[in-house]
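Asks: Pasting model_32.cif here (mmCIF, C-alpha atoms):
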data_final
loop_
_atom_site.group_PDB
_atom_site.id
_atom_site.type_symbol
_atom_site.label_atom_id
_atom_site.label_comp_id
_atom_site.auth_asym_id
_atom_site.auth_seq_id
_atom_site.Cartn_x
_atom_site.Cartn_y
_atom_site.Cartn_z
ATOM 1 C CA MET B 12 25.551 -8.467 60.858
ATOM 2 C CA MET B 13 23.231 -6.233 58.874
ATOM 3 C CA PRO B 14 24.548 -3.100 57.095
ATOM 4 C CA GLY B 15 22.791 -1.027 59.772
ATOM 5 C CA ASP B 16 24.791 -2.842 62.449
ATOM 6 C CA TYR B 17 28.080 -1.918 60.754
ATOM 7 C CA LEU B 18 26.975 1.716 60.596
ATOM 8 C CA SER B 19 26.079 1.535 64.311
ATOM 9 C CA VAL B 20 29.533 0.190 65.139
ATOM 10 C CA ILE B 21 31.222 2.955 63.118
ATOM 11 C CA LEU B 22 29.100 5.676 64.753
ATOM 12 C CA LEU B 23 29.690 4.319 68.280
ATOM 13 C CA ILE B 24 33.457 4.069 67.777
ATOM 14 C CA ALA B 25 33.583 7.560 66.246
ATOM 15 C CA GLY B 26 31.540 8.868 69.196
ATOM 16 C CA SER B 27 33.889 7.325 71.749
ATOM 17 C CA LEU B 28 36.882 8.839 69.905
ATOM 18 C CA PHE B 29 35.323 12.286 70.360
ATOM 19 C CA PHE B 30 34.877 11.594 74.094
ATOM 20 C CA LEU B 31 38.541 10.545 74.219
ATOM 21 C CA ALA B 32 39.604 13.750 72.435
ATOM 22 C CA GLY B 33 37.423 15.830 74.776
ATOM 23 C CA THR B 34 39.006 14.208 77.840
ATOM 24 C CA LEU B 35 42.476 14.701 76.390
ATOM 25 C CA GLY B 36 41.612 18.362 75.824
ATOM 26 C CA LEU B 37 40.438 18.651 79.426
ATOM 27 C CA LEU B 38 43.848 17.377 80.568
ATOM 28 C CA ARG B 39 46.048 19.192 78.040
ATOM 29 C CA PHE B 40 44.419 22.618 77.655
ATOM 30 C CA PRO B 41 45.971 25.274 79.899
ATOM 31 C CA ASP B 42 43.080 27.103 81.606
ATOM 32 C CA VAL B 43 39.427 26.826 82.617
ATOM 33 C CA TYR B 44 38.121 28.556 79.486
ATOM 34 C CA THR B 45 39.970 26.427 76.961
ATOM 35 C CA ARG B 46 39.029 23.288 78.902
ATOM 36 C CA LEU B 47 35.378 24.235 78.654
ATOM 37 C CA HIS B 48 35.799 24.420 74.864
ATOM 38 C CA ALA B 49 37.019 20.827 74.812
ATOM 39 C CA LEU B 50 34.240 19.576 77.098
ATOM 40 C CA THR B 51 31.252 21.262 75.472
ATOM 41 C CA LYS B 52 32.042 20.731 71.809
ATOM 42 C CA ALA B 53 33.784 17.358 71.679
ATOM 43 C CA ASP B 54 31.366 15.684 74.108
ATOM 44 C CA ASN B 55 28.353 17.117 72.313
ATOM 45 C CA VAL B 56 29.489 15.568 69.029
ATOM 46 C CA GLY B 57 30.556 12.334 70.755
ATOM 47 C CA LEU B 58 27.180 11.894 72.387
ATOM 48 C CA GLY B 59 25.404 12.875 69.152
ATOM 49 C CA LEU B 60 27.216 10.141 67.225
ATOM 50 C CA MET B 61 26.512 7.590 69.968
ATOM 51 C CA VAL B 62 22.834 8.524 70.001
ATOM 52 C CA ALA B 63 22.726 8.136 66.211
ATOM 53 C CA GLY B 64 24.426 4.740 66.452
ATOM 54 C CA LEU B 65 22.042 3.527 69.161
ATOM 55 C CA ALA B 66 18.972 4.946 67.401
ATOM 56 C CA LEU B 67 19.738 2.629 64.456
ATOM 57 C CA GLN B 68 19.381 -0.310 66.864
ATOM 58 C CA ALA B 69 16.185 0.977 68.522
ATOM 59 C CA GLU B 70 13.147 -1.295 68.471
ATOM 60 C CA SER B 71 10.560 1.478 68.455
ATOM 61 C CA TRP B 72 10.147 5.175 67.720
ATOM 62 C CA THR B 73 9.671 5.968 71.397
ATOM 63 C CA VAL B 74 13.198 4.696 72.074
ATOM 64 C CA VAL B 75 14.527 6.958 69.283
ATOM 65 C CA GLY B 76 12.589 9.812 70.886
ATOM 66 C CA LYS B 77 14.106 9.053 74.299
ATOM 67 C CA LEU B 78 17.624 9.029 72.847
ATOM 68 C CA LEU B 79 17.000 12.340 71.059
ATOM 69 C CA LEU B 80 15.576 13.873 74.252
ATOM 70 C CA ILE B 81 18.657 12.747 76.175
ATOM 71 C CA TRP B 82 20.901 14.376 73.575
ATOM 72 C CA LEU B 83 18.923 17.636 73.576
ATOM 73 C CA LEU B 84 18.888 17.840 77.383
ATOM 74 C CA VAL B 85 22.630 17.148 77.559
ATOM 75 C CA LEU B 86 23.231 19.855 74.915
ATOM 76 C CA LEU B 87 21.197 22.324 76.933
ATOM 77 C CA ALA B 88 22.933 21.365 80.185
ATOM 78 C CA ALA B 89 26.412 21.457 78.612
ATOM 79 C CA ALA B 90 25.910 24.903 77.069
ATOM 80 C CA SER B 91 24.306 26.384 80.211
ATOM 81 C CA VAL B 92 26.864 24.904 82.610
ATOM 82 C CA ALA B 93 29.755 25.998 80.361
ATOM 83 C CA TYR B 94 28.362 29.527 80.421
ATOM 84 C CA LEU B 95 27.908 29.493 84.209
ATOM 85 C CA VAL B 96 31.424 28.166 84.841
ATOM 86 C CA ALA B 97 32.975 30.652 82.395
ATOM 87 C CA ALA B 98 30.983 33.597 83.804
ATOM 88 C CA ALA B 99 31.899 32.625 87.393
ATOM 89 C CA ALA B 100 35.565 32.363 86.399
ATOM 90 C CA ARG B 101 35.425 35.822 84.787
ATOM 91 C CA GLN B 102 33.767 37.267 87.890
ATOM 92 C CA ARG B 103 36.496 35.876 90.137
ATOM 93 C CA GLY B 104 39.037 37.485 87.858
ATOM 94 C CA ILE B 105 40.637 34.264 86.654
ATOM 95 C CA LYS B 106 43.001 35.383 83.893
ATOM 96 C CA LEU B 107 42.883 33.654 80.582
ATOM 97 C CA TRP B 108 45.905 31.829 79.309
ATOM 98 C CA LYS B 109 47.664 33.618 76.449
ATOM 99 C CA ARG B 110 50.182 32.219 74.051
ATOM 100 C CA MET S 12 3.294 31.067 58.063
ATOM 101 C CA ILE S 13 3.126 34.723 59.048
ATOM 102 C CA VAL S 14 6.159 35.894 60.955
ATOM 103 C CA ARG S 15 5.665 38.761 63.367
ATOM 104 C CA ILE S 16 7.392 40.341 66.277
ATOM 105 C CA VAL S 17 6.040 39.428 69.685
ATOM 106 C CA ASP S 18 8.567 41.155 71.881
ATOM 107 C CA ARG S 19 6.809 44.121 73.427
ATOM 108 C CA ARG S 20 10.126 45.941 73.522
ATOM 109 C CA GLN S 21 10.039 45.904 69.761
ATOM 110 C CA GLY S 22 6.705 47.666 69.694
ATOM 111 C CA LEU S 23 4.320 44.903 68.721
ATOM 112 C CA GLU S 24 0.669 45.781 68.733
ATOM 113 C CA LEU S 25 -1.975 43.098 68.705
ATOM 114 C CA THR S 26 -5.708 43.521 68.963
ATOM 115 C CA PRO S 27 -7.256 41.725 71.994
ATOM 116 C CA ARG S 28 -8.795 39.188 69.636
ATOM 117 C CA GLU S 29 -5.447 38.455 68.014
ATOM 118 C CA LEU S 30 -3.830 38.184 71.445
ATOM 119 C CA VAL S 31 -6.367 35.591 72.635
ATOM 120 C CA LEU S 32 -5.965 33.599 69.425
ATOM 121 C CA PHE S 33 -2.200 33.767 69.734
ATOM 122 C CA HIS S 34 -2.259 32.494 73.337
ATOM 123 C CA LEU S 35 -4.652 29.699 72.409
ATOM 124 C CA TRP S 36 -2.504 28.628 69.459
ATOM 125 C CA ASN S 37 0.633 28.806 71.587
ATOM 126 C CA GLY S 38 -0.984 26.784 74.379
ATOM 127 C CA CYS S 39 -2.157 24.089 71.947
ATOM 128 C CA LEU S 40 1.317 23.853 70.467
ATOM 129 C CA ARG S 41 2.900 23.421 73.879
ATOM 130 C CA ALA S 42 0.298 20.809 74.858
ATOM 131 C CA VAL S 43 1.142 18.850 71.689
ATOM 132 C CA LEU S 44 4.846 19.015 72.570
ATOM 133 C CA PHE S 45 4.204 17.811 76.132
ATOM 134 C CA ALA S 46 1.951 15.047 74.792
ATOM 135 C CA LEU S 47 4.796 13.943 72.520
ATOM 136 C CA VAL S 48 7.175 13.822 75.490
ATOM 137 C CA TRP S 49 4.595 11.820 77.510
ATOM 138 C CA TRP S 50 4.191 9.387 74.624
ATOM 139 C CA ILE S 51 7.973 8.934 74.516
ATOM 140 C CA PHE S 52 8.261 8.445 78.297
ATOM 141 C CA THR S 53 5.473 5.887 78.507
ATOM 142 C CA ASP S 54 6.371 3.960 75.327
ATOM 143 C CA GLY S 55 2.931 4.849 73.980
ATOM 144 C CA ALA S 56 1.053 2.840 76.636
ATOM 145 C CA MET S 57 -2.637 3.623 76.088
ATOM 146 C CA ASP S 58 -3.701 3.190 79.739
ATOM 147 C CA SER S 59 -1.158 5.822 80.833
ATOM 148 C CA TRP S 60 -3.140 8.675 79.290
ATOM 149 C CA TRP S 61 -5.509 8.785 82.320
ATOM 150 C CA VAL S 62 -2.579 10.239 84.213
ATOM 151 C CA GLY S 63 -0.992 11.803 81.148
ATOM 152 C CA VAL S 64 -3.743 14.187 80.075
ATOM 153 C CA PRO S 65 -4.016 16.017 83.430
ATOM 154 C CA VAL S 66 -0.210 16.127 83.678
ATOM 155 C CA ILE S 67 0.063 17.571 80.152
ATOM 156 C CA LEU S 68 -2.563 20.220 80.890
ATOM 157 C CA PHE S 69 -0.854 21.132 84.159
ATOM 158 C CA ALA S 70 2.564 21.306 82.468
ATOM 159 C CA THR S 71 1.135 23.548 79.732
ATOM 160 C CA LEU S 72 -0.357 25.866 82.347
ATOM 161 C CA VAL S 73 2.873 26.057 84.342
ATOM 162 C CA SER S 74 4.924 26.683 81.208
ATOM 163 C CA LYS S 75 2.570 29.494 80.179
ATOM 164 C CA VAL S 76 3.177 31.157 83.534
ATOM 165 C CA LEU S 77 6.946 30.615 83.561
ATOM 166 C CA LEU S 78 7.817 31.294 79.928
ATOM 167 C CA PRO S 79 6.055 34.037 77.983
ATOM 168 C CA PRO S 80 5.191 32.998 74.435
ATOM 169 C CA TYR S 81 7.332 33.940 71.471
ATOM 170 C CA PHE S 82 6.426 33.994 67.835
ATOM 171 C CA TRP S 83 8.717 31.629 66.018
ATOM 172 C CA SER S 84 9.008 30.573 62.457
ATOM 173 C CA LEU S 85 8.692 26.883 61.590
ATOM 174 C CA THR S 86 10.739 27.304 58.403
ATOM 175 C CA GLY S 87 13.358 29.171 60.447
ATOM 176 C CA ILE S 88 13.647 26.212 62.840
ATOM 177 C CA ILE S 89 13.776 23.672 60.025
ATOM 178 C CA ARG S 90 16.565 25.649 58.365
ATOM 179 C CA PHE S 91 18.404 26.100 61.657
ATOM 180 C CA VAL S 92 18.686 22.371 62.493
ATOM 181 C CA PRO S 93 21.021 21.257 59.639
ATOM 182 C CA PHE S 94 23.095 24.424 60.058
ATOM 183 C CA PHE S 95 23.498 23.729 63.779
ATOM 184 C CA LEU S 96 24.259 20.017 63.326
ATOM 185 C CA TRP S 97 26.865 20.681 60.653
ATOM 186 C CA ARG S 98 28.587 23.545 62.499
ATOM 187 C CA SER S 99 28.644 21.698 65.828
ATOM 188 C CA LEU S 100 30.130 18.619 64.123
ATOM 189 C CA TYR S 101 32.789 20.902 62.668
ATOM 190 C CA GLY S 102 33.282 22.436 66.137
ATOM 191 C CA GLY S 103 33.837 18.986 67.652
ATOM 192 C CA VAL S 104 36.312 17.980 64.946
ATOM 193 C CA ASP S 105 38.136 21.315 65.308
ATOM 194 C CA VAL S 106 38.561 21.096 69.083
ATOM 195 C CA ALA S 107 39.451 17.367 68.918
ATOM 196 C CA ARG S 108 42.162 18.124 66.348
ATOM 197 C CA ARG S 109 43.636 20.858 68.536
ATOM 198 C CA ALA S 110 43.537 18.651 71.644
ATOM 199 C CA LEU S 111 45.284 15.769 69.857
ATOM 200 C CA HIS S 112 47.876 17.910 68.034
ATOM 201 C CA PRO S 113 51.351 17.550 69.659
ATOM 202 C CA ARG S 114 51.991 21.318 69.620
ATOM 203 C CA LEU S 115 48.523 22.290 70.940
ATOM 204 C CA PRO S 116 47.682 24.905 68.269
ATOM 205 C CA ILE S 117 45.541 27.342 70.282
ATOM 206 C CA SER S 118 45.781 31.095 70.749
ATOM 207 C CA PRO S 119 42.899 32.095 73.034
ATOM 208 C CA GLY S 120 41.446 35.562 73.417
ATOM 209 C CA LEU S 121 38.336 37.443 74.520
ATOM 210 C CA PHE S 122 36.180 39.636 72.407
ATOM 211 C CA CYS S 123 32.901 41.496 72.585
ATOM 212 C CA TYR S 124 30.194 40.917 70.036
ATOM 213 C CA PRO S 125 27.683 43.799 69.950
ATOM 214 C CA TRP S 126 24.104 42.507 70.152
ATOM 215 C CA ARG S 127 21.630 43.021 67.361
ATOM 216 C CA LEU S 128 19.089 40.654 68.929
ATOM 217 C CA PRO S 129 16.554 42.057 71.399
ATOM 218 C CA PRO S 130 16.997 41.103 75.093
ATOM 219 C CA GLY S 131 15.374 37.954 76.421
ATOM 220 C CA LEU S 132 15.078 34.436 75.103
ATOM 221 C CA PRO S 133 16.696 35.062 71.670
ATOM 222 C CA ARG S 134 19.897 36.292 73.346
ATOM 223 C CA ILE S 135 20.018 33.380 75.793
ATOM 224 C CA PHE S 136 19.416 30.970 72.940
ATOM 225 C CA MET S 137 22.206 32.503 70.890
ATOM 226 C CA ALA S 138 24.654 32.476 73.833
ATOM 227 C CA ASN S 139 24.022 28.750 74.277
ATOM 228 C CA VAL S 140 24.408 28.021 70.557
ATOM 229 C CA VAL S 141 27.654 30.035 70.401
ATOM 230 C CA SER S 142 29.176 27.776 73.087
ATOM 231 C CA LEU S 143 28.550 24.722 70.922
ATOM 232 C CA LEU S 144 29.905 26.156 67.669
ATOM 233 C CA PRO S 145 33.535 25.978 66.494
ATOM 234 C CA GLY S 146 36.070 27.856 68.603
ATOM 235 C CA THR S 147 33.688 30.107 70.536
ATOM 236 C CA LEU S 148 32.423 30.054 74.136
ATOM 237 C CA SER S 149 30.016 32.562 75.697
ATOM 238 C CA THR S 150 31.436 33.997 78.905
ATOM 239 C CA GLN S 151 29.121 36.894 79.645
ATOM 240 C CA LEU S 152 25.684 38.036 78.524
ATOM 241 C CA GLY S 153 26.311 41.766 78.665
ATOM 242 C CA GLU S 154 23.728 44.461 78.195
ATOM 243 C CA HIS S 155 25.260 45.688 74.957
ATOM 244 C CA CYS S 156 27.461 42.838 73.873
ATOM 245 C CA LEU S 157 28.073 39.133 74.209
ATOM 246 C CA GLN S 158 31.520 38.437 75.590
ATOM 247 C CA VAL S 159 33.010 35.476 73.761
ATOM 248 C CA HIS S 160 36.104 33.443 74.534
ATOM 249 C CA VAL S 161 37.718 32.268 71.306
ATOM 250 C CA LEU S 162 40.076 29.328 71.033
ATOM 251 C CA ASP S 163 42.019 30.861 68.156
ATOM 252 C CA GLU S 164 42.248 34.627 67.818
ATOM 253 C CA ARG S 165 43.694 34.353 64.307
ATOM 254 C CA LYS S 166 40.441 32.916 62.986
ATOM 255 C CA ASP S 167 37.674 35.250 61.881
ATOM 256 C CA CYS S 168 34.754 34.427 64.154
ATOM 257 C CA LEU S 169 32.905 37.712 63.642
ATOM 258 C CA SER S 170 31.268 36.584 60.401
ATOM 259 C CA GLU S 171 30.379 33.237 62.013
ATOM 260 C CA LEU S 172 28.669 35.015 64.920
ATOM 261 C CA GLU S 173 26.824 37.309 62.508
ATOM 262 C CA THR S 174 25.520 34.278 60.624
ATOM 263 C CA VAL S 175 24.390 32.624 63.860
ATOM 264 C CA GLU S 176 22.641 35.793 65.000
ATOM 265 C CA GLN S 177 20.909 36.173 61.646
ATOM 266 C CA ARG S 178 19.659 32.591 61.774
ATOM 267 C CA VAL S 179 18.466 32.893 65.367
ATOM 268 C CA ALA S 180 16.577 36.052 64.362
ATOM 269 C CA VAL S 181 14.889 34.210 61.482
ATOM 270 C CA MET S 182 13.953 31.393 63.887
ATOM 271 C CA PHE S 183 12.278 33.764 66.314
ATOM 272 C CA GLY S 184 10.751 35.748 63.480
ATOM 273 C CA ILE S 185 12.352 39.020 64.568
ATOM 274 C CA SER S 186 14.367 41.639 62.763
ATOM 275 C CA LEU S 187 17.843 42.557 63.944
ATOM 276 C CA LEU S 188 18.418 45.938 65.553
ATOM 277 C CA PRO S 189 21.443 47.986 64.530
ATOM 278 C CA PRO S 190 24.330 47.302 66.959
ATOM 279 C CA SER S 191 24.886 49.568 70.006
ATOM 280 C CA SER S 192 21.187 50.419 70.216
ATOM 281 C CA GLY S 193 20.642 46.772 71.112
ATOM 282 C CA GLY S 194 20.676 47.407 74.867
ATOM 283 C CA GLU S 195 17.858 49.052 76.702
#
What is this structure when it is put down as structure tokens?

Replies:
Amino acid sequence: MMPGDYLSVILLIAGSLFFLAGTLGLLRFPDVYTRLHALTKADNVGLGLMVAGLALQAESWTVVGKLLLIWLLVLLAAASVAYLVAAAARQRGIKLWKR
Amino acid sequence: MIVRIVDRRQGLELTPRELVLFHLWNGCLRAVLFALVWWIFTDGAMDSWWVGVPVILFATLVSKVLLPPYFWSLTGIIRFVPFFLWRSLYGGVDVARRALHPRLPISPGLFCYPWRLPPGLPRIFMANVVSLLPGTLSTQLGEHCLQVHVLDERKDCLSELETVEQRVAVMFGISLLPPSSGGE
């Protein structure tokens, strides 16, 4: 394996750990708002690391561009959907969990 | 690069000549962006441009109708990217740590952040960025303030939000209004 391959492996494993943490947050956090925190932030970083790891293996710049576009679109979708879900929950009067 | 205010609500005055030049420049920029996306989609296949050029022109036209142009600062964008990457990485680590911690160290709360950005795209952009930064989630784009759900009330997120707002303002090349007069 080349040094770039090792870096890819590290980035991909780190990315999947963030997805794992995000899923764990989705299960463990107490209400809709806190769960959205886990989904948006952890998955965004997880996907970012995976995209970085895969970009190192890309054969051409257009593939790197595609990966980056995927990441940007997912970021946009995640942030917008999180806002819509949170705003809808507020409108329905769903109380937030307090310690 | 000259940074100016385009939002009409902020009292921008352009001569007709400047307006035409601005729209032309903006249209060219968007066409270049769409061309880049086409190049990425088609893996740079030369014979695809017969379809690509009309599609790019059409997309530029549609985008001009759907999204009014904004002045933005190239240096502002370049400075925003590392800030955003670093803070969102921190946000991911922060929320992952809390989710994995046996005692679940969270103490959620809601708070209102008074806008200093003008209404429109800058506010929407900021609300989206806030949701991806550590411990904050936009829950309502109010007229006078942005309602934010925070994962940990004990942490000071006001200064973080002020920094984000400042950087978004630099990106769009606009100056911040004093709070409370932010709404229309």

Asks: For Gly184 in chain S, which residue among S:Arg165, S:Glu154, S:Leu172, S:Leu128 is the nearest when counting only C-alpha atoms?

Replies: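 Comparing S:Arg165, S:Glu154, S:Leu172, S:Leu128 against Gly184 in chain S, the winner is S:Leu128.
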
Asks: Which residues are close to range 88-104 of chain B, i.e. within 9 Å by all atoms listed in the file, leaving aside same-chain residues fewer than 6 positions away? Reply as a list of chain:residue names.

Replies: B:Val43, B:Tyr44, B:Leu47, B:His48, B:Leu50, B:Thr51, B:Lys52, B:Asp54, B:Asn55, S:Ala138, S:Asn139, S:Val140, S:Val141, S:Ser142, S:Leu143, S:Leu148, S:Ser149, S:Thr150, S:Gln151, S:Leu152, S:His160

Asks: Dump as CSV the rows for residues of chain S within 8 Å of chain B: closest atom pair and distance in Å with one decimal, all atoms listed in the file counted, ordered by chain and rising residue number.

Replies:
residue,atom,partner,partner_atom,distance
S:Trp50,CA,B:Thr73,CA,7.2
S:Ile51,CA,B:Thr73,CA,4.6
S:Phe52,CA,B:Lys77,CA,7.1
S:Asp54,CA,B:Thr73,CA,5.5
S:Gly55,CA,B:Thr73,CA,7.3
S:Ser99,CA,B:Lys52,CA,6.9
S:Leu100,CA,B:Val56,CA,5.8
S:Gly102,CA,B:Lys52,CA,6.1
S:Gly103,CA,B:Ala53,CA,4.3
S:Val104,CA,B:Ala53,CA,7.2
S:Val106,CA,B:Ala49,CA,5.9
S:Ala107,CA,B:Ala32,CA,5.0
S:Arg108,CA,B:Ala32,CA,7.9
S:Arg109,CA,B:Gly36,CA,8.0
S:Ala110,CA,B:Gly36,CA,4.6
S:Leu111,CA,B:Ala32,CA,6.6
S:Leu115,CA,B:Phe40,CA,7.9
S:Ile117,CA,B:Arg110,CA,7.7
S:Ser118,CA,B:Arg110,CA,5.6
S:Pro119,CA,B:Lys109,CA,6.1
S:Gly120,CA,B:Lys109,CA,7.2
S:Asn139,CA,B:Ala90,CA,5.1
S:Val140,CA,B:Ala90,CA,7.4
S:Ser142,CA,B:Ala90,CA,5.9
S:Leu143,CA,B:Lys52,CA,5.4
S:Leu144,CA,B:Lys52,CA,7.2
S:Pro145,CA,B:Lys52,CA,7.6
S:Gly146,CA,B:His48,CA,7.1
S:Thr147,CA,B:His48,CA,7.5
S:Leu148,CA,B:His48,CA,6.6
S:Ser149,CA,B:Tyr94,CA,5.9
S:Thr150,CA,B:Ala98,CA,4.9
S:Gln151,CA,B:Ala98,CA,5.6
S:His160,CA,B:Tyr44,CA,7.2
S:Leu162,CA,B:Thr45,CA,6.6

Asks: Using CA of His155 in chain S and CA of Pro129 in chain S as the two end points, give the distance in Å to one decimal.

Replies: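 Distance reported for this atom pair: 10.1 Å.
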
Asks: Give me, please, the distance in Å between CA of Thr71 in chain S and CA of Cys39 in chain S, quoted to one decimal.

Replies: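 About the pair CA of Thr71 in chain S and CA of Cys39 in chain S: they are 8.5 Å apart.
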
Asks: One number please: CA of Glu176 in chain S to CA of Pro125 in chain S, in Å, one decimal.

Replies: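 Answer for the CA of Glu176 in chain S to CA of Pro125 in chain S separation: 10.7 Å.
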
Asks: Which is closest to Ser27 in chain B among B:Met61, B:Leu79, B:Ala69, B:Leu84, if we use only C-alpha atoms?

Replies: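 Distance minimum relative to Ser27 in chain B lands on B:Met61.
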
Asks: Return the single residue from B:Leu58, B:Leu67, B:Ile105, B:Leu83 that is closest to Asp16 in chain B, with distances computed using all atoms listed in the file.

Replies: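 The closest residue to Asp16 in chain B is B:Leu67.
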
Asks: Can you tell me, as a tab-separated table (two decimals) with C-alpha atoms, in the frame of the given file, what residues are no more than 10 Å from Arg90 in chain S when counting all atoms listed in the file, ignoring any on the same chain fewer than 6 positions away?

Replies:
chain	number	residue	atom	x	y	z
S	84	SER	CA	9.01	30.57	62.46
S	178	ARG	CA	19.66	32.59	61.77
S	181	VAL	CA	14.89	34.21	61.48
S	182	MET	CA	13.95	31.39	63.89

Asks: List the neighbours of Leu78 in chain S out to 12 Å using all atoms listed in the file; skip same-chain residues closer than 3 positions along the sequence, and give me the result as an MDAnalysis selection string.

Replies: chainID S and resid 37:38 41 70:75 81 131:132
